Amino acid sequence: SDSHFPVPISPSQFDCTLQYPQFLKSDSSKKIEFADIGCGFGGLLISLSTLFPDKLMIGMELRDKVTEYVKERILALRASNPGQYENVSVVRTNSMKYIPNYFEKGQLTKMFFLFPDPHFKEKNHRRRVISPHLLDEYAFVLRAGGIIYTITDVEELGVWMKSCLEGHPLFEALSEDELEADPVVKLLSTATEEGQKVERNEGQTFRAVYRRIASSLPR
Ligand code: SAM
């Protein structure tokens, strides 16, 4: 249960020097910008780490053993590639409850939801990691211009995620040209363990990539 892992009471209490000891030695003011929600075995983070060596990124994963595996994987990569993978880390947490405990308003520039659990039954839709209510939280921690990336092989879930994003006043879809130009988009279906499984089985995927827009409310 939740009582088995510590949760910072607020973002300022989240001690990142434990996550990125080397990186923060040279620039202690840097903050986490990318969050991979339900990161699983960490394949996306590992790819992003070298693609964006100057950005700090974190995976959030509920399963204890999986989180430990990702920690070990990162430590092994750091050990065998000195100076690399110092910008990537993982934390065990329930992202559906604690996102605001980890990130300040407008801190993140990218959030990832790759192949999340589908929760098929109507009464379980409230357990989905994308919902109108949770999008309010994601909009809060994302900076204007920040991007939310989602992908799934479950059509029903893909339609659901897209409709939640489409219906939210603070998100707009990226255009086809923008999707084409973004190197991260290509990783969505290839970099994670779940994505690779779907690719091996030649399964279809459903993607929704949206930008956090600035609030248009009158001041
Ligand atoms: N994104 C990875 C990939 O594409 O390979 C993993 C996909 S896996 C189907 C979904 C992951 O989300 C699982 O590892 C699960 O433990 C994690 N998860 C589910 N609910 C979560 C929550 N509330 N907070 C954090 N992680 C969660």
# chains A, B, ... in the order shown; residues from 1 in each chain; ligands from 1

$ residues_around --residues "Pro118 (chain A)" --least-positions-apart "4" --cutoff "10 Å" --atoms "only C-alpha atoms" --output "list in words"
Asn124, His125, Arg127, Arg128, Val129, Thr152, Asp153, Val154, Glu155, Glu156, Leu157, Gly158 and Trp160 of chain A

$ write_last_selection --atoms "C-alpha atoms" --output "tab-separated table (two decimals), in the first residue's frame"
chain	number	residue	atom	x	y	z
A	124	ASN	CA	-12.95	1.60	-13.50
A	125	HIS	CA	-12.53	4.53	-15.87
A	127	ARG	CA	-8.62	4.66	-12.42
A	128	ARG	CA	-7.31	5.72	-15.80
A	129	VAL	CA	-4.19	7.91	-15.69
A	152	THR	CA	-1.72	2.88	-26.43
A	153	ASP	CA	-2.50	-0.27	-28.36
A	154	VAL	CA	-6.01	-0.37	-26.90
A	155	GLU	CA	-8.27	1.52	-29.29
A	156	GLU	CA	-10.94	2.27	-26.71
A	157	LEU	CA	-8.34	3.80	-24.38
A	158	GLY	CA	-6.79	5.75	-27.25
A	160	TRP	CA	-10.72	8.05	-24.41

$ residues_around --residues "Leu165 (chain A)" --least-positions-apart "5" --cutoff "12 Å" --atoms "only C-alpha atoms" --output "PyMOL selection string"
chain A and resi 130-136+138-139+147-150+158-160+170-174+207-213

$ write_last_selection --atoms "N, CA and C atoms" --output "mmCIF file, in the first residue's frame"
data_model
loop_
_atom_site.group_PDB
_atom_site.id
_atom_site.type_symbol
_atom_site.label_atom_id
_atom_site.label_comp_id
_atom_site.auth_asym_id
_atom_site.auth_seq_id
_atom_site.Cartn_x
_atom_site.Cartn_y
_atom_site.Cartn_z
ATOM 1 N N ILE A 130 -5.268 9.093 -17.522
ATOM 2 C CA ILE A 130 -5.743 10.313 -18.173
ATOM 3 C C ILE A 130 -7.238 10.407 -17.894
ATOM 4 N N SER A 131 -7.635 11.503 -17.304
ATOM 5 C CA SER A 131 -9.053 11.765 -17.049
ATOM 6 C C SER A 131 -9.190 13.288 -16.992
ATOM 7 N N PRO A 132 -10.425 13.785 -17.133
ATOM 8 C CA PRO A 132 -10.578 15.250 -17.087
ATOM 9 C C PRO A 132 -9.998 15.832 -15.798
ATOM 10 N N HIS A 133 -10.226 15.164 -14.688
ATOM 11 C CA HIS A 133 -9.727 15.676 -13.408
ATOM 12 C C HIS A 133 -8.195 15.655 -13.342
ATOM 13 N N LEU A 134 -7.590 14.540 -13.744
ATOM 14 C CA LEU A 134 -6.124 14.475 -13.682
ATOM 15 C C LEU A 134 -5.473 15.426 -14.684
ATOM 16 N N LEU A 135 -6.159 15.677 -15.802
ATOM 17 C CA LEU A 135 -5.597 16.642 -16.763
ATOM 18 C C LEU A 135 -5.479 18.036 -16.151
ATOM 19 N N ASP A 136 -6.360 18.358 -15.217
ATOM 20 C CA ASP A 136 -6.221 19.642 -14.503
ATOM 21 C C ASP A 136 -4.889 19.676 -13.764
ATOM 22 N N TYR A 138 -2.195 17.834 -14.465
ATOM 23 C CA TYR A 138 -1.079 17.833 -15.425
ATOM 24 C C TYR A 138 -0.915 19.235 -16.023
ATOM 25 N N ALA A 139 -2.033 19.908 -16.273
ATOM 26 C CA ALA A 139 -1.959 21.279 -16.813
ATOM 27 C C ALA A 139 -1.284 22.199 -15.801
ATOM 28 N N ILE A 147 4.506 19.664 -23.456
ATOM 29 C CA ILE A 147 3.789 18.679 -24.276
ATOM 30 C C ILE A 147 3.490 17.412 -23.486
ATOM 31 N N ILE A 148 2.292 16.908 -23.689
ATOM 32 C CA ILE A 148 1.854 15.642 -23.110
ATOM 33 C C ILE A 148 1.800 14.616 -24.243
ATOM 34 N N TYR A 149 2.486 13.497 -24.059
ATOM 35 C CA TYR A 149 2.543 12.450 -25.083
ATOM 36 C C TYR A 149 1.809 11.221 -24.561
ATOM 37 N N THR A 150 0.844 10.728 -25.340
ATOM 38 C CA THR A 150 0.160 9.494 -24.941
ATOM 39 C C THR A 150 0.143 8.516 -26.116
ATOM 40 N N GLY A 158 -7.318 4.692 -26.393
ATOM 41 C CA GLY A 158 -6.789 5.749 -27.247
ATOM 42 C C GLY A 158 -7.840 6.816 -27.537
ATOM 43 N N VAL A 159 -9.042 6.348 -27.826
ATOM 44 C CA VAL A 159 -10.155 7.265 -28.099
ATOM 45 C C VAL A 159 -10.471 8.079 -26.839
ATOM 46 N N TRP A 160 -10.444 7.394 -25.705
ATOM 47 C CA TRP A 160 -10.725 8.050 -24.410
ATOM 48 C C TRP A 160 -9.682 9.144 -24.107
ATOM 49 N N LEU A 170 -7.176 23.653 -21.692
ATOM 50 C CA LEU A 170 -5.769 24.071 -21.642
ATOM 51 C C LEU A 170 -4.842 23.221 -22.517
ATOM 52 N N PHE A 171 -5.429 22.369 -23.363
ATOM 53 C CA PHE A 171 -4.588 21.567 -24.252
ATOM 54 C C PHE A 171 -5.044 21.707 -25.699
ATOM 55 N N GLU A 172 -4.057 21.736 -26.622
ATOM 56 C CA GLU A 172 -4.384 21.720 -28.061
ATOM 57 C C GLU A 172 -3.504 20.679 -28.758
ATOM 58 N N ALA A 173 -4.061 20.055 -29.807
ATOM 59 C CA ALA A 173 -3.330 19.006 -30.514
ATOM 60 C C ALA A 173 -2.156 19.587 -31.296
ATOM 61 N N LEU A 174 -1.066 18.831 -31.375
ATOM 62 C CA LEU A 174 0.026 19.216 -32.271
ATOM 63 C C LEU A 174 -0.415 18.944 -33.706
ATOM 64 N N ARG A 207 -2.288 7.278 -30.853
ATOM 65 C CA ARG A 207 -1.430 8.271 -30.247
ATOM 66 C C ARG A 207 -2.204 9.577 -30.080
ATOM 67 N N ALA A 208 -1.944 10.282 -28.999
ATOM 68 C CA ALA A 208 -2.486 11.638 -28.847
ATOM 69 C C ALA A 208 -1.393 12.485 -28.211
ATOM 70 N N VAL A 209 -1.000 13.545 -28.912
ATOM 71 C CA VAL A 209 0.074 14.420 -28.431
ATOM 72 C C VAL A 209 -0.464 15.852 -28.408
ATOM 73 N N TYR A 210 -0.474 16.429 -27.213
ATOM 74 C CA TYR A 210 -1.116 17.735 -27.025
ATOM 75 C C TYR A 210 -0.192 18.720 -26.324
ATOM 76 N N ARG A 211 -0.391 19.985 -26.643
ATOM 77 C CA ARG A 211 0.401 21.051 -26.036
ATOM 78 C C ARG A 211 -0.395 21.760 -24.956
ATOM 79 N N ARG A 212 0.298 22.071 -23.869
ATOM 80 C CA ARG A 212 -0.303 22.907 -22.812
ATOM 81 C C ARG A 212 -0.281 24.341 -23.320
ATOM 82 N N ILE A 213 -1.457 24.939 -23.457
ATOM 83 C CA ILE A 213 -1.499 26.318 -23.935
ATOM 84 C C ILE A 213 -1.588 27.269 -22.742
#

$ residues_near_ligand --ligand "ligand 1" --cutoff "6 Å" --atoms "only C-alpha atoms and all ligand atoms" --output "count of residues only"
20

$ residues_around --residues "Gly42 (chain A)" --least-positions-apart "5" --cutoff "10 Å" --atoms "only C-alpha atoms" --output "PyMOL selection string"
chain A and resi 36+47+58-61+66-67+69-71+73-74+88-90+191-193

$ atom_distance --atom1 "CA of Asn87 (chain A)" --atom2 "CA of Gln19 (chain A)"
8.5 Å

$ select_by_dssp --residues "region 26-195 of chain A" --states "strand (DSSP E)" --output "MDAnalysis selection string"
chainID A and resid 32:37 56:61 88:92 108:114 142:152 171:173

$ write_last_selection --atoms "N, CA and C atoms" --output "mmCIF file, in the first residue's frame"
data_model
loop_
_atom_site.group_PDB
_atom_site.id
_atom_site.type_symbol
_atom_site.label_atom_id
_atom_site.label_comp_id
_atom_site.auth_asym_id
_atom_site.auth_seq_id
_atom_site.Cartn_x
_atom_site.Cartn_y
_atom_site.Cartn_z
ATOM 1 N N ILE A 32 13.799 19.092 -12.503
ATOM 2 C CA ILE A 32 13.270 18.050 -13.390
ATOM 3 C C ILE A 32 12.300 18.685 -14.380
ATOM 4 N N GLU A 33 12.458 18.308 -15.662
ATOM 5 C CA GLU A 33 11.558 18.844 -16.694
ATOM 6 C C GLU A 33 10.690 17.787 -17.377
ATOM 7 N N PHE A 34 11.176 16.526 -17.396
ATOM 8 C CA PHE A 34 10.399 15.483 -18.075
ATOM 9 C C PHE A 34 9.945 14.447 -17.042
ATOM 10 N N ALA A 35 8.697 14.000 -17.138
ATOM 11 C CA ALA A 35 8.207 12.937 -16.269
ATOM 12 C C ALA A 35 7.560 11.841 -17.101
ATOM 13 N N ASP A 36 8.032 10.610 -16.914
ATOM 14 C CA ASP A 36 7.445 9.450 -17.583
ATOM 15 C C ASP A 36 6.564 8.735 -16.564
ATOM 16 N N ILE A 37 5.260 8.838 -16.770
ATOM 17 C CA ILE A 37 4.303 8.355 -15.777
ATOM 18 C C ILE A 37 3.989 6.882 -16.042
ATOM 19 N N LEU A 56 16.873 17.229 -16.912
ATOM 20 C CA LEU A 56 16.636 16.223 -15.871
ATOM 21 C C LEU A 56 15.291 15.566 -16.105
ATOM 22 N N MET A 57 15.251 14.240 -15.950
ATOM 23 C CA MET A 57 14.017 13.504 -16.212
ATOM 24 C C MET A 57 13.813 12.416 -15.174
ATOM 25 N N ILE A 58 12.532 12.082 -14.926
ATOM 26 C CA ILE A 58 12.245 11.073 -13.903
ATOM 27 C C ILE A 58 11.123 10.155 -14.351
ATOM 28 N N GLY A 59 11.244 8.888 -13.984
ATOM 29 C CA GLY A 59 10.163 7.936 -14.178
ATOM 30 C C GLY A 59 9.399 7.797 -12.878
ATOM 31 N N MET A 60 8.076 7.667 -12.970
ATOM 32 C CA MET A 60 7.263 7.426 -11.785
ATOM 33 C C MET A 60 6.591 6.087 -11.979
ATOM 34 N N GLU A 61 6.814 5.184 -11.023
ATOM 35 C CA GLU A 61 6.339 3.814 -11.206
ATOM 36 C C GLU A 61 5.802 3.281 -9.876
ATOM 37 N N VAL A 88 19.018 11.040 -15.438
ATOM 38 C CA VAL A 88 17.798 10.229 -15.441
ATOM 39 C C VAL A 88 17.665 9.495 -14.112
ATOM 40 N N SER A 89 16.409 9.405 -13.639
ATOM 41 C CA SER A 89 16.176 8.728 -12.372
ATOM 42 C C SER A 89 14.747 8.193 -12.323
ATOM 43 N N VAL A 90 14.434 7.515 -11.226
ATOM 44 C CA VAL A 90 13.107 6.909 -11.095
ATOM 45 C C VAL A 90 12.675 6.991 -9.642
ATOM 46 N N VAL A 91 11.380 7.091 -9.436
ATOM 47 C CA VAL A 91 10.871 7.117 -8.075
ATOM 48 C C VAL A 91 9.641 6.219 -7.998
ATOM 49 N N ARG A 92 9.518 5.514 -6.870
ATOM 50 C CA ARG A 92 8.327 4.699 -6.683
ATOM 51 C C ARG A 92 7.242 5.564 -6.077
ATOM 52 N N LEU A 108 7.235 21.329 -15.465
ATOM 53 C CA LEU A 108 7.536 20.306 -16.479
ATOM 54 C C LEU A 108 7.349 20.822 -17.903
ATOM 55 N N THR A 109 8.188 20.309 -18.817
ATOM 56 C CA THR A 109 8.004 20.638 -20.230
ATOM 57 C C THR A 109 7.549 19.434 -21.058
ATOM 58 N N LYS A 110 7.696 18.221 -20.492
ATOM 59 C CA LYS A 110 7.183 17.043 -21.179
ATOM 60 C C LYS A 110 6.652 16.040 -20.153
ATOM 61 N N MET A 111 5.478 15.453 -20.461
ATOM 62 C CA MET A 111 4.947 14.346 -19.663
ATOM 63 C C MET A 111 4.599 13.204 -20.604
ATOM 64 N N PHE A 112 4.889 11.993 -20.168
ATOM 65 C CA PHE A 112 4.674 10.811 -21.008
ATOM 66 C C PHE A 112 3.736 9.823 -20.342
ATOM 67 N N PHE A 113 2.805 9.308 -21.136
ATOM 68 C CA PHE A 113 1.875 8.273 -20.677
ATOM 69 C C PHE A 113 1.882 7.193 -21.755
ATOM 70 N N LEU A 114 2.831 6.278 -21.668
ATOM 71 C CA LEU A 114 2.993 5.309 -22.747
ATOM 72 C C LEU A 114 2.433 3.952 -22.341
ATOM 73 N N LEU A 142 2.536 21.412 -15.885
ATOM 74 C CA LEU A 142 3.165 21.664 -17.186
ATOM 75 C C LEU A 142 3.268 23.164 -17.451
ATOM 76 N N ARG A 143 4.384 23.550 -18.028
ATOM 77 C CA ARG A 143 4.587 24.927 -18.453
ATOM 78 C C ARG A 143 3.792 25.171 -19.742
ATOM 79 N N ALA A 144 3.369 26.405 -19.989
ATOM 80 C CA ALA A 144 2.734 26.721 -21.275
ATOM 81 C C ALA A 144 3.721 26.364 -22.390
ATOM 82 N N GLY A 145 3.263 25.639 -23.394
ATOM 83 C CA GLY A 145 4.156 25.167 -24.447
ATOM 84 C C GLY A 145 4.651 23.749 -24.188
ATOM 85 N N GLY A 146 4.505 23.273 -22.964
ATOM 86 C CA GLY A 146 4.893 21.902 -22.612
ATOM 87 C C GLY A 146 4.009 20.889 -23.329
ATOM 88 N N ILE A 147 4.506 19.664 -23.456
ATOM 89 C CA ILE A 147 3.789 18.679 -24.276
ATOM 90 C C ILE A 147 3.490 17.412 -23.486
ATOM 91 N N ILE A 148 2.292 16.908 -23.689
ATOM 92 C CA ILE A 148 1.854 15.642 -23.110
ATOM 93 C C ILE A 148 1.800 14.616 -24.243
ATOM 94 N N TYR A 149 2.486 13.497 -24.059
ATOM 95 C CA TYR A 149 2.543 12.450 -25.083
ATOM 96 C C TYR A 149 1.809 11.221 -24.561
ATOM 97 N N THR A 150 0.844 10.728 -25.340
ATOM 98 C CA THR A 150 0.160 9.494 -24.941
ATOM 99 C C THR A 150 0.143 8.516 -26.116
ATOM 100 N N ILE A 151 0.228 7.224 -25.774
ATOM 101 C CA ILE A 151 0.078 6.196 -26.820
ATOM 102 C C ILE A 151 -0.412 4.914 -26.158
ATOM 103 N N THR A 152 -1.187 4.144 -26.923
ATOM 104 C CA THR A 152 -1.717 2.879 -26.425
ATOM 105 C C THR A 152 -1.987 1.955 -27.608
ATOM 106 N N PHE A 171 -5.429 22.369 -23.363
ATOM 107 C CA PHE A 171 -4.588 21.567 -24.252
ATOM 108 C C PHE A 171 -5.044 21.707 -25.699
ATOM 109 N N GLU A 172 -4.057 21.736 -26.622
ATOM 110 C CA GLU A 172 -4.384 21.720 -28.061
ATOM 111 C C GLU A 172 -3.504 20.679 -28.758
ATOM 112 N N ALA A 173 -4.061 20.055 -29.807
ATOM 113 C CA ALA A 173 -3.330 19.006 -30.514
ATOM 114 C C ALA A 173 -2.156 19.587 -31.296
#

$ residues_around --residues "Thr190 (chain A)" --least-positions-apart "6" --cutoff "12 Å" --atoms "only C-alpha atoms" --output "VMD selection string"
chain A and resid 43 to 44 47 114 to 115 151 183 to 184 196 to 200 202 205

$ residues_around --residues "region 6-15 of chain A" --least-positions-apart "5" --cutoff "8 Å" --atoms "only C-alpha atoms" --output "list in words"
Thr93, Tyr98, Pro100, Asn101, Tyr102, Phe103 and Glu104 of chain A

$ write_last_selection --atoms "N, CA and C atoms" --output "PDB file, in the first residue's frame"
ATOM      1  N   THR A  93       6.151   5.698  -6.806  1.00  0.00           N
ATOM      2  CA  THR A  93       5.045   6.484  -6.262  1.00  0.00           C
ATOM      3  C   THR A  93       3.762   6.179  -7.013  1.00  0.00           C
ATOM      4  N   TYR A  98      -0.049  11.690  -6.292  1.00  0.00           N
ATOM      5  CA  TYR A  98       1.001  12.536  -5.727  1.00  0.00           C
ATOM      6  C   TYR A  98       1.759  13.456  -6.681  1.00  0.00           C
ATOM      7  N   PRO A 100       1.336  16.507  -7.599  1.00  0.00           N
ATOM      8  CA  PRO A 100       1.625  17.858  -7.069  1.00  0.00           C
ATOM      9  C   PRO A 100       2.609  17.864  -5.899  1.00  0.00           C
ATOM     10  N   ASN A 101       2.883  16.697  -5.331  1.00  0.00           N
ATOM     11  CA  ASN A 101       3.890  16.625  -4.262  1.00  0.00           C
ATOM     12  C   ASN A 101       5.309  16.691  -4.826  1.00  0.00           C
ATOM     13  N   TYR A 102       5.437  16.374  -6.114  1.00  0.00           N
ATOM     14  CA  TYR A 102       6.769  16.293  -6.716  1.00  0.00           C
ATOM     15  C   TYR A 102       7.137  17.502  -7.573  1.00  0.00           C
ATOM     16  N   PHE A 103       6.121  18.105  -8.216  1.00  0.00           N
ATOM     17  CA  PHE A 103       6.423  19.168  -9.181  1.00  0.00           C
ATOM     18  C   PHE A 103       5.672  20.445  -8.870  1.00  0.00           C
ATOM     19  N   GLU A 104       6.378  21.544  -9.080  1.00  0.00           N
ATOM     20  CA  GLU A 104       5.762  22.853  -8.873  1.00  0.00           C
ATOM     21  C   GLU A 104       4.926  23.236 -10.089  1.00  0.00           C
TER      22      GLU A 104
END
